[in-house]
Amino acid sequence: MPTLTIAGYALLGITAIMVLVLMALLVSLVRMSRMSRHAKDTRVETSVMSAALQEALMRLKAQERAMAARAEASEQLSNQIISGVGAGLIVVDREDVVQIVNPAARRILGLPGDGRGVTLTSLLSSSTPLAEVITNTLRTGVPVARRKLRLEGRPSHLGVSVSPLAGPDGVLQAAVCLFTDLTEVIELEEQLRLKEALAGVGELTAGLAHEFRNGLATIHGYARLLDPSRLPEAYRPYVDGIRQETSALGEVVTNFLNFARPEPLSLVPVDLGAVVERAASDLPIETGRIERTGTFGEVLGDEVLLRQAISNLLRNSIEACAAAGIEPLIRVHGAAEPPHLRISIEDNGPGIPADALPRIFKPFVTTRAQGTGLGLAIVQKVIVSHNGRIAASNRPEGGAEFRIQLPLATTAR
Ligand SMILES: Nc1ncnc2c1ncn2[C@@H]1O[C@H](COP(=O)(O)OP(=O)(O)OP(=O)(O)O)[C@@H](O)[C@H]1O
Ligand SMILES: [Mg+2]
């Protein structure tokens with residue numbers, strides 16, 4: 001077996017060392033290349049992740065913007081609904097503080113300012129029944145559905161619904177009240193009912209009253225034939241009594257006939273301003289005055305009947321003022337607002353007695369000892385037969401006010 005020399009051993013050793021160094025180099029090269037690939041992968045991953053994050057962020061921001069826009073749009077829509085809706089809306093919180101009053105509510109109730117932030121009772125001091133139903137729902141949580149409320153003055157009738165509003169915890173937070181002005185509808189219903197009732201009873205009662213008047217005229221005639229000077233002293237007052245009573249009754253029956261007889265109207269264009277002038281100048285007024293303001297126009301109507309209606313109203317004002325010892329100041333104001341002419345007759349008298357007010361247009365309703373109670377019934381009949389409307393109220397500053405609405409024939413003059 002050949003033996004190696006020292007130099008051979010040394011060569012072998014060097015070769016082995018070099019192989020080892022080479023292997024170590026190779027291993028570290030492989031490792032380095034792996035590490036650089038890993039670093040590259042990590043960089044790619046990070047950039048992918050940051051892009052995804054950025055996209056998610058952008059999507060979130062877009063969603064936020066869309067939600068804010070949607071919230072703004074829905075708030076705008078609800079504001080538009082609240083201010084555009086024709087019904088009145090009042091929202092009151094449980095501390096009785098008004099949170100929302102929409103324009104329709106302010107218009108219907110004639111409220112000044114925007115009404116928010118004040119207490120309900122101070123906001124609705126002139127419409128107490130409305131404040132009462134809202135307060136009731138706030139206290140009890142019981143809703144009110146389509147209730148008709150009667151108010152003093154105008155509007156005289158409201159259709160009201162009140163709903164309780166509970167928070168997420170179920171505790172009552174507020175009351176929401178929606179209402180509409182029913183005044184015109186109810187007045188129209190009443191006028192229609194009246195027209196029908198008048199047509200129904202008119203003919204029958206007019207026939208009866210006519211007979212009655214004939215009988216009265218006969219009694220009155222005989223009583224006039226009796227010469228008191230030829231009667232024993234004791235009987236003379238009876239004859240006077242018969243004469244007075246029959247003539248007073250005759251007047252009642254004549255008035256009633258005017259009221260009940262279904263009269264055919266002779267329609268011609270009538271200047272209402274002139275009618276008011278004539279009615280005013282025909283009336284016996286010693287002190288005080290009747291003034292005419294505004295614009296009047298022509299209506300298609302029966303001049304005699306219209307003058308009688310205006311005259312009855314003016315006479316009532318004068319009589320009411322005289323009874324209260326007040327110098328009458330009567331203002332007849334015309335407002336020609338096509339297609340209607342509105343006339344108001346206001347006085348400075350004592351006003352219409354509250355208990356009589358709801359009934360004054362009914363026949364035989366009177367508070368005057370000498371009255372027949374037919375004056376206003378005739379007025380109403382005349383106005384209704386001209387397709388008009390009439391309403392009465394007491395003015396807040398005192399005195400009575402009658403408001404008439406008639407269809408205009410032409411435009412105002
Ligand atoms: N301007 C007014 N001021 C106060 N009260 C009034 C006024 N107009 C009418 N009234 C009230 O209405 C009632 C009815 O009036 P209406 O004209 O129908 O009858 P009258 O005046 O009593 O009697 P008549 O007119 O038949 O002689 C009156 O009795 C009065 O109480
Ligand atoms: Mg009268």
# chains A, B, ... in the order shown; residues from 1 in each chain; ligands from 1
>>> residues_near_ligand(ligand="ligand 1", cutoff="8 Å", atoms="only C-alpha atoms and all ligand atoms", output="count of residues only")
44
>>> residues_around(residues="segment 209-216 of chain A", least_positions_apart="3", cutoff="9 Å", atoms="only C-alpha atoms", output="number ranges by chain")
A: 204-206, 219-221, 246-247, 249-250, 253-254, 256-257
>>> write_last_selection(atoms="N, CA, C and O atoms", output="JSON list (two decimals), in the first residue's frame")
[["chain", "number", "residue", "atom", "x", "y", "z"],
["A", 204, "LEU", "N", -145.10, 75.29, 3.33],
["A", 204, "LEU", "CA", -146.17, 74.91, 4.27],
["A", 204, "LEU", "C", -146.44, 76.04, 5.26],
["A", 204, "LEU", "O", -147.58, 76.51, 5.40],
["A", 205, "THR", "N", -145.37, 76.48, 5.94],
["A", 205, "THR", "CA", -145.56, 77.50, 6.97],
["A", 205, "THR", "C", -145.96, 78.85, 6.37],
["A", 205, "THR", "O", -146.73, 79.60, 6.97],
["A", 206, "ALA", "N", -145.49, 79.11, 5.17],
["A", 206, "ALA", "CA", -145.86, 80.37, 4.55],
["A", 206, "ALA", "C", -147.36, 80.39, 4.28],
["A", 206, "ALA", "O", -148.04, 81.40, 4.52],
["A", 219, "ILE", "N", -159.49, 90.92, 12.40],
["A", 219, "ILE", "CA", -159.68, 91.32, 13.81],
["A", 219, "ILE", "C", -159.26, 92.78, 13.98],
["A", 219, "ILE", "O", -159.96, 93.59, 14.61],
["A", 220, "HIS", "N", -158.09, 93.11, 13.38],
["A", 220, "HIS", "CA", -157.58, 94.47, 13.50],
["A", 220, "HIS", "C", -158.58, 95.46, 12.89],
["A", 220, "HIS", "O", -158.87, 96.51, 13.46],
["A", 221, "GLY", "N", -159.14, 95.07, 11.73],
["A", 221, "GLY", "CA", -160.11, 95.94, 11.05],
["A", 221, "GLY", "C", -161.34, 96.18, 11.91],
["A", 221, "GLY", "O", -161.76, 97.34, 12.11],
["A", 246, "THR", "N", -152.85, 93.09, 17.74],
["A", 246, "THR", "CA", -153.04, 92.58, 16.37],
["A", 246, "THR", "C", -152.03, 93.23, 15.42],
["A", 246, "THR", "O", -151.53, 92.56, 14.52],
["A", 247, "SER", "N", -151.74, 94.54, 15.64],
["A", 247, "SER", "CA", -150.78, 95.12, 14.70],
["A", 247, "SER", "C", -149.38, 94.56, 14.95],
["A", 247, "SER", "O", -148.62, 94.30, 14.01],
["A", 249, "LEU", "N", -148.71, 91.54, 16.12],
["A", 249, "LEU", "CA", -148.70, 90.17, 15.58],
["A", 249, "LEU", "C", -148.65, 90.18, 14.06],
["A", 249, "LEU", "O", -147.99, 89.34, 13.44],
["A", 250, "GLY", "N", -149.37, 91.15, 13.48],
["A", 250, "GLY", "CA", -149.37, 91.29, 12.02],
["A", 250, "GLY", "C", -147.95, 91.50, 11.51],
["A", 250, "GLY", "O", -147.54, 90.92, 10.50],
["A", 253, "VAL", "N", -146.05, 88.24, 11.66],
["A", 253, "VAL", "CA", -146.44, 87.33, 10.58],
["A", 253, "VAL", "C", -145.85, 87.82, 9.24],
["A", 253, "VAL", "O", -145.36, 87.02, 8.45],
["A", 254, "THR", "N", -145.87, 89.14, 9.03],
["A", 254, "THR", "CA", -145.30, 89.67, 7.78],
["A", 254, "THR", "C", -143.82, 89.34, 7.70],
["A", 254, "THR", "O", -143.33, 88.86, 6.68],
["A", 256, "PHE", "N", -142.34, 86.95, 9.22],
["A", 256, "PHE", "CA", -142.20, 85.50, 9.06],
["A", 256, "PHE", "C", -142.43, 85.11, 7.61],
["A", 256, "PHE", "O", -141.74, 84.25, 7.07],
["A", 257, "LEU", "N", -143.43, 85.74, 7.01],
["A", 257, "LEU", "CA", -143.70, 85.44, 5.60],
["A", 257, "LEU", "C", -142.51, 85.81, 4.73],
["A", 257, "LEU", "O", -142.15, 85.07, 3.82]]
>>> residues_around(residues="Leu151 of chain A", least_positions_apart="2", cutoff="10 Å", atoms="only C-alpha atoms", output="ChimeraX atom specification")
/A:126-130,148-149,153-158,183
>>> write_last_selection(atoms="N, CA, C and O atoms", output="mmCIF file, in the first residue's frame")
data_model
loop_
_atom_site.group_PDB
_atom_site.id
_atom_site.type_symbol
_atom_site.label_atom_id
_atom_site.label_comp_id
_atom_site.auth_asym_id
_atom_site.auth_seq_id
_atom_site.Cartn_x
_atom_site.Cartn_y
_atom_site.Cartn_z
ATOM 1 N N SER A 126 -105.229 81.542 22.828
ATOM 2 C CA SER A 126 -106.544 81.861 22.265
ATOM 3 C C SER A 126 -107.241 80.613 21.709
ATOM 4 O O SER A 126 -108.337 80.712 21.188
ATOM 5 N N SER A 127 -106.609 79.465 21.786
ATOM 6 C CA SER A 127 -107.246 78.221 21.310
ATOM 7 C C SER A 127 -107.143 77.172 22.412
ATOM 8 O O SER A 127 -106.558 76.109 22.230
ATOM 9 N N THR A 128 -107.711 77.502 23.574
ATOM 10 C CA THR A 128 -107.561 76.645 24.745
ATOM 11 C C THR A 128 -107.992 75.196 24.506
ATOM 12 O O THR A 128 -107.290 74.282 24.940
ATOM 13 N N PRO A 129 -109.120 74.920 23.812
ATOM 14 C CA PRO A 129 -109.514 73.518 23.642
ATOM 15 C C PRO A 129 -108.443 72.695 22.928
ATOM 16 O O PRO A 129 -108.260 71.519 23.230
ATOM 17 N N LEU A 130 -107.692 73.323 22.018
ATOM 18 C CA LEU A 130 -106.625 72.606 21.308
ATOM 19 C C LEU A 130 -105.488 72.286 22.274
ATOM 20 O O LEU A 130 -104.974 71.164 22.303
ATOM 21 N N LYS A 148 -113.532 66.627 16.340
ATOM 22 C CA LYS A 148 -113.942 67.976 15.929
ATOM 23 C C LYS A 148 -113.899 68.870 17.151
ATOM 24 O O LYS A 148 -114.494 68.543 18.174
ATOM 25 N N LEU A 149 -113.178 69.998 17.035
ATOM 26 C CA LEU A 149 -113.108 70.932 18.165
ATOM 27 C C LEU A 149 -113.781 72.226 17.784
ATOM 28 O O LEU A 149 -113.590 72.732 16.681
ATOM 29 N N GLY A 153 -114.452 82.316 17.949
ATOM 30 C CA GLY A 153 -113.891 83.130 16.861
ATOM 31 C C GLY A 153 -113.532 82.282 15.657
ATOM 32 O O GLY A 153 -114.138 81.237 15.422
ATOM 33 N N ARG A 154 -112.509 82.761 14.930
ATOM 34 C CA ARG A 154 -112.135 82.045 13.714
ATOM 35 C C ARG A 154 -110.742 81.488 13.833
ATOM 36 O O ARG A 154 -109.876 82.204 14.338
ATOM 37 N N PRO A 155 -110.437 80.271 13.411
ATOM 38 C CA PRO A 155 -111.377 79.310 12.866
ATOM 39 C C PRO A 155 -112.343 78.833 13.947
ATOM 40 O O PRO A 155 -111.962 78.755 15.116
ATOM 41 N N SER A 156 -113.559 78.499 13.549
ATOM 42 C CA SER A 156 -114.528 78.099 14.561
ATOM 43 C C SER A 156 -114.533 76.590 14.765
ATOM 44 O O SER A 156 -114.994 76.107 15.785
ATOM 45 N N HIS A 157 -114.016 75.847 13.779
ATOM 46 C CA HIS A 157 -113.988 74.387 13.925
ATOM 47 C C HIS A 157 -112.654 73.836 13.433
ATOM 48 O O HIS A 157 -112.183 74.222 12.374
ATOM 49 N N LEU A 158 -112.093 72.927 14.223
ATOM 50 C CA LEU A 158 -110.853 72.261 13.797
ATOM 51 C C LEU A 158 -111.072 70.754 13.824
ATOM 52 O O LEU A 158 -111.803 70.237 14.678
ATOM 53 N N THR A 183 -113.699 75.086 9.384
ATOM 54 C CA THR A 183 -114.708 76.144 9.451
ATOM 55 C C THR A 183 -115.539 76.229 8.172
ATOM 56 O O THR A 183 -116.773 76.202 8.226
#
>>> closest_residue(among="A:Gln54, A:Ser344, A:Gln308, A:Ser266", to="ligand 2", atoms="only C-alpha atoms and all ligand atoms")
A:Gln308
>>> residues_around(residues="Ala104 of chain A", least_positions_apart="2", cutoff="9 Å", atoms="only C-alpha atoms", output="MDAnalysis selection string")
chainID A and resid 82:89 101:102 106:109 180
>>> atom_distance(atom1="atom CA of Asp271 of chain A", atom2="atom CA of Gly202 of chain A")
28.6 Å
>>> select_by_dssp(residues="segment 142-328 of chain A", states="strand (DSSP E)", output="number ranges by chain")
A: 144-150, 157-166, 172-181, 268-271, 289-294, 298-301
>>> residues_around(residues="Glu277 of chain A", least_positions_apart="3", cutoff="12 Å", atoms="only C-alpha atoms", output="PDB file with N, CA and C atoms, in the first residue's frame")
ATOM      1  N   ASP A 271    -124.976  96.903  -7.377  1.00  0.00           N
ATOM      2  CA  ASP A 271    -123.773  97.504  -6.799  1.00  0.00           C
ATOM      3  C   ASP A 271    -123.926  97.488  -5.275  1.00  0.00           C
ATOM      4  N   LEU A 272    -123.157  96.620  -4.628  1.00  0.00           N
ATOM      5  CA  LEU A 272    -123.316  96.458  -3.186  1.00  0.00           C
ATOM      6  C   LEU A 272    -122.940  97.704  -2.401  1.00  0.00           C
ATOM      7  N   GLY A 273    -121.976  98.481  -2.933  1.00  0.00           N
ATOM      8  CA  GLY A 273    -121.587  99.730  -2.263  1.00  0.00           C
ATOM      9  C   GLY A 273    -122.794 100.660  -2.183  1.00  0.00           C
ATOM     10  N   ALA A 274    -123.539 100.745  -3.275  1.00  0.00           N
ATOM     11  CA  ALA A 274    -124.718 101.610  -3.302  1.00  0.00           C
ATOM     12  C   ALA A 274    -125.810 101.057  -2.383  1.00  0.00           C
ATOM     13  N   ALA A 280    -127.957 102.480   4.807  1.00  0.00           N
ATOM     14  CA  ALA A 280    -127.490 103.343   5.901  1.00  0.00           C
ATOM     15  C   ALA A 280    -128.293 104.639   5.947  1.00  0.00           C
ATOM     16  N   SER A 281    -128.576 105.215   4.763  1.00  0.00           N
ATOM     17  CA  SER A 281    -129.280 106.508   4.801  1.00  0.00           C
ATOM     18  C   SER A 281    -130.752 106.340   5.151  1.00  0.00           C
ATOM     19  N   ASP A 282    -131.303 105.137   4.978  1.00  0.00           N
ATOM     20  CA  ASP A 282    -132.712 104.914   5.330  1.00  0.00           C
ATOM     21  C   ASP A 282    -132.921 104.742   6.833  1.00  0.00           C
ATOM     22  N   LEU A 283    -131.796 104.535   7.566  1.00  0.00           N
ATOM     23  CA  LEU A 283    -131.964 104.196   8.989  1.00  0.00           C
ATOM     24  C   LEU A 283    -132.012 105.437   9.880  1.00  0.00           C
ATOM     25  N   ILE A 290    -122.338 105.696  10.636  1.00  0.00           N
ATOM     26  CA  ILE A 290    -122.107 104.450   9.902  1.00  0.00           C
ATOM     27  C   ILE A 290    -121.088 104.791   8.822  1.00  0.00           C
ATOM     28  N   GLU A 291    -119.923 104.167   8.857  1.00  0.00           N
ATOM     29  CA  GLU A 291    -118.939 104.498   7.818  1.00  0.00           C
ATOM     30  C   GLU A 291    -118.701 103.316   6.902  1.00  0.00           C
ATOM     31  N   ARG A 292    -118.443 103.664   5.649  1.00  0.00           N
ATOM     32  CA  ARG A 292    -118.249 102.627   4.626  1.00  0.00           C
ATOM     33  C   ARG A 292    -116.804 102.709   4.150  1.00  0.00           C
ATOM     34  N   THR A 293    -116.090 101.585   4.223  1.00  0.00           N
ATOM     35  CA  THR A 293    -114.682 101.598   3.787  1.00  0.00           C
ATOM     36  C   THR A 293    -114.429 100.440   2.814  1.00  0.00           C
ATOM     37  N   PHE A 296    -116.177  97.695  -2.922  1.00  0.00           N
ATOM     38  CA  PHE A 296    -117.324  96.811  -3.102  1.00  0.00           C
ATOM     39  C   PHE A 296    -117.380  96.489  -4.591  1.00  0.00           C
ATOM     40  N   ARG A 307    -130.811  94.824   0.182  1.00  0.00           N
ATOM     41  CA  ARG A 307    -130.893  96.035   1.018  1.00  0.00           C
ATOM     42  C   ARG A 307    -131.562  95.697   2.355  1.00  0.00           C
ATOM     43  N   ILE A 310    -128.890  94.021   4.604  1.00  0.00           N
ATOM     44  CA  ILE A 310    -127.911  94.964   5.173  1.00  0.00           C
ATOM     45  C   ILE A 310    -128.603  95.849   6.205  1.00  0.00           C
ATOM     46  N   SER A 311    -129.809  96.257   5.875  1.00  0.00           N
ATOM     47  CA  SER A 311    -130.549  97.137   6.767  1.00  0.00           C
ATOM     48  C   SER A 311    -130.855  96.434   8.109  1.00  0.00           C
ATOM     49  N   LEU A 314    -127.652  96.509  10.144  1.00  0.00           N
ATOM     50  CA  LEU A 314    -127.345  97.838  10.693  1.00  0.00           C
ATOM     51  C   LEU A 314    -128.313  98.173  11.820  1.00  0.00           C
ATOM     52  N   ARG A 331    -118.975 100.180  11.251  1.00  0.00           N
ATOM     53  CA  ARG A 331    -118.087 100.221  10.082  1.00  0.00           C
ATOM     54  C   ARG A 331    -118.469  99.080   9.151  1.00  0.00           C
ATOM     55  N   VAL A 332    -118.799  99.450   7.922  1.00  0.00           N
ATOM     56  CA  VAL A 332    -119.120  98.434   6.911  1.00  0.00           C
ATOM     57  C   VAL A 332    -117.929  98.408   5.954  1.00  0.00           C
ATOM     58  N   HIS A 333    -117.216  97.314   5.964  1.00  0.00           N
ATOM     59  CA  HIS A 333    -116.003  97.245   5.139  1.00  0.00           C
ATOM     60  C   HIS A 333    -116.189  96.229   4.020  1.00  0.00           C
TER      61      HIS A 333
END
>>> select_by_dssp(residues="segment 147-317 of chain A", states="alpha helix (DSSP H)", output="compact mmCIF listing (two decimals) with C-alpha atoms, in the first residue's frame")
# COMPACT_ATOMS: atom_id res chain seq x y z
CA THR A 183 -114.71 76.14 9.45
CA GLU A 184 -115.56 76.49 5.77
CA VAL A 185 -116.72 72.88 5.44
CA ILE A 186 -118.97 73.12 8.49
CA GLU A 187 -120.37 76.49 7.45
CA LEU A 188 -121.11 75.09 3.99
CA GLU A 189 -122.81 72.06 5.52
CA GLU A 190 -124.89 74.34 7.72
CA GLN A 191 -125.88 76.57 4.79
CA LEU A 192 -126.83 73.53 2.74
CA ARG A 193 -128.89 72.09 5.58
CA LEU A 194 -130.54 75.46 6.00
CA LYS A 195 -131.35 75.75 2.30
CA GLU A 196 -132.95 72.32 2.35
CA ALA A 197 -134.84 73.00 5.57
CA LEU A 198 -136.07 76.34 4.23
CA ALA A 199 -137.24 74.77 1.02
CA GLY A 200 -139.02 72.02 2.97
CA VAL A 201 -140.90 74.05 5.54
CA GLY A 202 -141.10 77.30 3.64
CA GLU A 203 -144.13 76.57 1.52
CA LEU A 204 -146.17 74.91 4.27
CA THR A 205 -145.56 77.50 6.97
CA ALA A 206 -145.86 80.37 4.55
CA GLY A 207 -149.35 79.16 3.60
CA LEU A 208 -150.30 78.88 7.26
CA ALA A 209 -148.88 82.28 8.14
CA HIS A 210 -150.73 83.81 5.20
CA GLU A 211 -154.05 82.53 6.54
CA PHE A 212 -153.08 83.73 9.97
CA ARG A 213 -152.34 87.20 8.66
CA ASN A 214 -155.72 87.40 6.93
CA GLY A 215 -157.47 86.52 10.20
CA LEU A 216 -155.42 89.08 12.08
CA ALA A 217 -156.18 91.76 9.53
CA THR A 218 -159.91 91.08 9.99
CA ILE A 219 -159.68 91.32 13.81
CA HIS A 220 -157.58 94.47 13.50
CA GLY A 221 -160.11 95.94 11.05
CA TYR A 222 -163.05 95.26 13.38
CA ALA A 223 -161.13 96.67 16.33
CA ARG A 224 -160.54 99.86 14.37
CA LEU A 225 -164.25 100.07 13.65
CA ARG A 236 -161.71 101.30 26.19
CA PRO A 237 -158.31 99.84 27.22
CA TYR A 238 -159.37 96.45 25.84
CA VAL A 239 -159.98 97.89 22.41
CA ASP A 240 -156.58 99.61 22.51
CA GLY A 241 -155.03 96.32 23.62
CA ILE A 242 -156.63 94.42 20.73
CA ARG A 243 -155.42 97.02 18.22
CA GLN A 244 -151.86 97.03 19.54
CA GLU A 245 -151.53 93.26 19.78
CA THR A 246 -153.04 92.58 16.37
CA SER A 247 -150.78 95.12 14.70
CA ALA A 248 -147.70 93.71 16.52
CA LEU A 249 -148.70 90.17 15.58
CA GLY A 250 -149.37 91.29 12.02
CA GLU A 251 -145.78 92.55 11.88
CA VAL A 252 -144.45 89.24 13.17
CA VAL A 253 -146.44 87.33 10.58
CA THR A 254 -145.30 89.67 7.78
CA ASN A 255 -141.69 89.22 8.86
CA PHE A 256 -142.20 85.50 9.06
CA LEU A 257 -143.70 85.44 5.60
CA ASN A 258 -140.69 87.35 4.31
CA PHE A 259 -138.53 84.73 5.89
CA ALA A 260 -140.43 81.56 4.98
CA LEU A 272 -123.32 96.46 -3.19
CA GLY A 273 -121.59 99.73 -2.26
CA ALA A 274 -124.72 101.61 -3.30
CA VAL A 275 -126.92 99.12 -1.45
CA VAL A 276 -124.96 99.78 1.75
CA GLU A 277 -125.27 103.57 1.20
CA ARG A 278 -129.04 103.31 0.71
CA ALA A 279 -129.56 101.01 3.70
CA ALA A 280 -127.49 103.34 5.90
CA SER A 281 -129.28 106.51 4.80
CA ASP A 282 -132.71 104.91 5.33
CA GLU A 303 -131.53 94.57 -4.78
CA VAL A 304 -134.57 94.83 -2.52
CA LEU A 305 -133.70 91.68 -0.61
CA LEU A 306 -130.01 92.59 -0.30
CA ARG A 307 -130.89 96.03 1.02
CA GLN A 308 -133.26 94.44 3.52
CA ALA A 309 -130.46 92.14 4.71
CA ILE A 310 -127.91 94.96 5.17
CA SER A 311 -130.55 97.14 6.77
CA ASN A 312 -131.48 94.41 9.30
CA LEU A 313 -127.83 94.08 10.29
CA LEU A 314 -127.35 97.84 10.69
CA ARG A 315 -130.59 98.13 12.66
CA ASN A 316 -129.45 95.35 15.02
CA SER A 317 -126.19 97.22 15.70
>>> atom_distance(atom1="atom CA of Ala336 of chain A", atom2="atom CA of Gln380 of chain A")
20.2 Å
>>> residues_around(residues="Leu341 of chain A", least_positions_apart="5", cutoff="12 Å", atoms="only C-alpha atoms", output="VMD selection string")
chain A and resid 271 to 273 294 to 300 333 to 336 387 to 390 403 to 413
